[in-house]
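This report concerns only the one structure given below.
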Amino acid sequence: MSIAAVAPRAVIGSPAARRRDRRWLGVTVVLVTLAMAWELAKWLGGDPWRIHGDLLGMRLDYEHVPPFRWRFATDLSLPHLWSIVGAFGQISAQTGQPLLLVLVDSAIYTLRTALLGFAVGVGLGLGLSILFVHSRLLERAVVPWVVASQTVPIIAIAPVVVIAFGASWQSVAIIATYLTFFPVTIAMIRGLRAFDPRAGELMRSYAASTRDVLWKLRLPASVPYLFSALRVAAAGSIVGTVIGELPSGIPFGLGSKILNFNQYYTTSPERLWAVIIATVFTGLVFVGLVRLAEAYLTRGRYRPLEVVV
Amino acid sequence: MSAAGSALEAPRPPASGQPVVEIERLGKVFGEGSGSVVALEGIDLVIRAGEFVSLIGPSGCGKSTLLRIIGNLIGSTSGSVRVNGKTAERARLDRDYGMVFQAPVLMDWRTVARNVELPLEVMGYPREERASRSARLLSLVELAEFRDRYPWQLSGGMQQRVAIARALAFDPKLLLMDEPFGALDEMTRERMNLELMKIWAQTGTTIIFVTHSIPEAVFLSSRVVVMSPRPGRIARIVDVDLPLPRTVETRESSRYFELVTEVREALRRHDGDEVPGAPDEVEMARIRAEGVS
């Protein structure tokens with residue numbers, strides 16, 4: 001609600017573009033810092049290595065022996081970043097494709113499953129929260145069970161669901177739904193009540209129906225709550241999908257690659273790390289899509305300087 | 001007194017219209033038992049079509065409570081309120097009320113025009129009708145060129161004008177205004193008063209207006225209802241016989257000053273023990289009874 005008396009603000013330059021630039025700069029700085037910390041740990045406590053060869057006719061012979069030996073920094077636990085980057089180029093024995101392409105295919109497969117789980121979960125969460133804000137009785141009776149549902153270990157539920165509904169990507173999506181509906185339900189119980197009470201009186205003075213209050217007041221006022229929940233839900237749906245893929249035996253998703261590269265971890269740990277990075281990236285892409293949807297839906301609605309990113 | 005003279009020079013508007021609001025022995029008690037507070041007691045008031053009636057009084061005199069009972073936002077404890085011959089609830093369900101609060105309460109996800117169209121959407125007006133009405137009302141409040149802006153792009157006074165346009169969009173028979181200009185600075189407030197007078201002249205709507213400001217009440221009203229606290233009662237009703245239309249000169253006329261003094265004295269006479277800044281017990285009891293609203 002706009003209560004504050006605000007004067008129209010002159011637009012100076014292009015603050016949006018500058019904010020975008022700064023955000024990318026921030027992301028880059030964090031990535032570089034992480035990479036440096038990673039390699040610093042290996043430099044200080046990793047495995048020894050040496051360079052031995054020719055460079056433009058100059059003989060190179062350098063050996064680095066780290067001063068400490070840390071278990072977590074060995075090449076097995078913490079492969080060199082260039083090994084991980086190199087792993088994306090390794091040719092897969094089964095398909096003859098580089099790992100990067102295999103992972104892109106897997107990520108698309110997983111993302112599709114996650115999207116279905118996400119859509120159903122968001123629908124379920126919205127439906128439940130709408131029921132709950134209209135019935136205190138239902139809210140009191142059911143919400144504790146909704147909360148309890150999330151304390152059930154998902155890792156134990158996943159095989160049950162896969163056996164019960166068959167080893168298909170749709171049953172994997174059920175696991176994603178299970179992780180998705182919860183944040184949406186909880187946030188929207190609050191969000192659907194977050195409207196200005198005076199706006200509620202206004203609607204009362206129009207003799208507005210419960211449906212009109214829902215569509216024209218409760219839902220639009222809850223949008224900031226909805227999108228915070230959707231970001232959590234988007235990440236959750238990827239995690240849920242990967243966990244669901246593990247017992248499903250479906251050989252296409254990121255989950256199957258994790259299972260596969262787990263078995264070869266002692267010989268090529270960098271491949272598991274490559275899948276981890278691919279999974280994180282998939283989650284980021286999904287959360288990014290949610291962000292774009294939010295920006296589109298709330299365009300013009302806020303004062304630019306108040307946009308919280 | 002020159003009252004008779006100026007009254008002759010400027011004939012009163014037809015305040016002899018149909019009664020729009022008829023209040024009889026109205027009472028309101030917040031809370032129950034020992035914690036209860038009598039907010040209103042023995043209110044009798046008839047407001048006729050086309051009148052502009054201000055409710056004025058110190059905090060705790062129940063003027064907002066009275067307005068909210070008339071508008072059926074809250075119920076009464078005793079007595080009766082008839083609006084256009086119906087109960088207040090029936091009148092609300094028939095969409096007889098336009099409401100303006102102290103804050104504009106605009107929907108920040110709607111543009112200015114779509115804010116004005118909100119009640120029309122709820123009431124099922126067709127799209128073209130909504131568009132033509134919002135266009136007409138936005139030009140009435142002189143905000144036509146801001147139709148596609150969002151509320152944050154408007155100043156406080158402009159936002160309040162949008163709220164007034166929204167309240168008038170569906171031609172309500174009765175406009176209820178609860179300190180609508182209370183949050184504005186003095187200069188904006190005086191300009192808004194002039195504008196409200198213009199709107200009142202053009203629409204002929206009956207207006208009930210709650211205010212803290214004596215000059216504002218006198219300038220705007222055809223009658224000023226002075227209320228006293230603990231329990232809230234009507235202390236006096238002052239007829240304002242200033243000529244219409246009210247203009248900048250109205251505020252400089254001697255009759256205007258006489259009336260301001262009359263209202264001020266009526267307030268003082270019934271307000272001996274008002275302690276400025278003291279906790280408002282009626283408000284506290286209301287909050288205890290219904291929660292903050």
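Ordered as shown in the structure tokens, chains take letters A, B, and onward, while each chain numbers its residues from 1 and ligands are numbered from 1 in the order shown.
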Handout entry: Check: which chain B residues lie within 9 Å of chain A using only C-alpha atoms, as a PyMOL selection string
Key = chain B and resi 71-73+92-101+103-111+118-119+121-123+149-157+159+183-184+292-293
Handout entry: For stretch 184-186 of chain A: contacts at 8 Å, only C-alpha atoms, fewer than 2 positions along chain excluded, given as JSON, numbers by chain
Key = {"A": [121, 122, 124, 125, 126, 128, 129, 180, 181, 182, 188, 189, 190, 226, 229, 230, 233]}
Practice task
Name the closest residue to A:Val275 among the candidates A:Ser237, A:Leu137, A:Ser106, A:Val152; distances are taken between atoms, counting only C-alpha atoms.
Solution key: A:Ser106
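The residue that comes closest to A:Leu254, out of A:Val133, A:Ile157, A:Val287, A:Val104 and on the basis of only C-alpha atoms, is A:Val104.
Atom to atom, atom CA of B:Leu143 and atom CA of B:Met158 stand 7.6 Å apart.
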Handout entry: All residues 10 Å or closer to B:Ser76, only C-alpha atoms, same chain fewer than 6 positions away omitted, as a PyMOL selection string
Key = chain B and resi 26-30+40+65-66+68-70
Practice task
Give me every alpha helix (DSSP H) residue in stretch 53-149 of chain B, going by DSSP on the backbone, as a ChimeraX atom specification.
Solution key: /B:63-70,88-93,112-122,127-140
Completion exercise
re atom CA of A:Leu115 and atom CA of A:Pro247: distance 19.5 Å
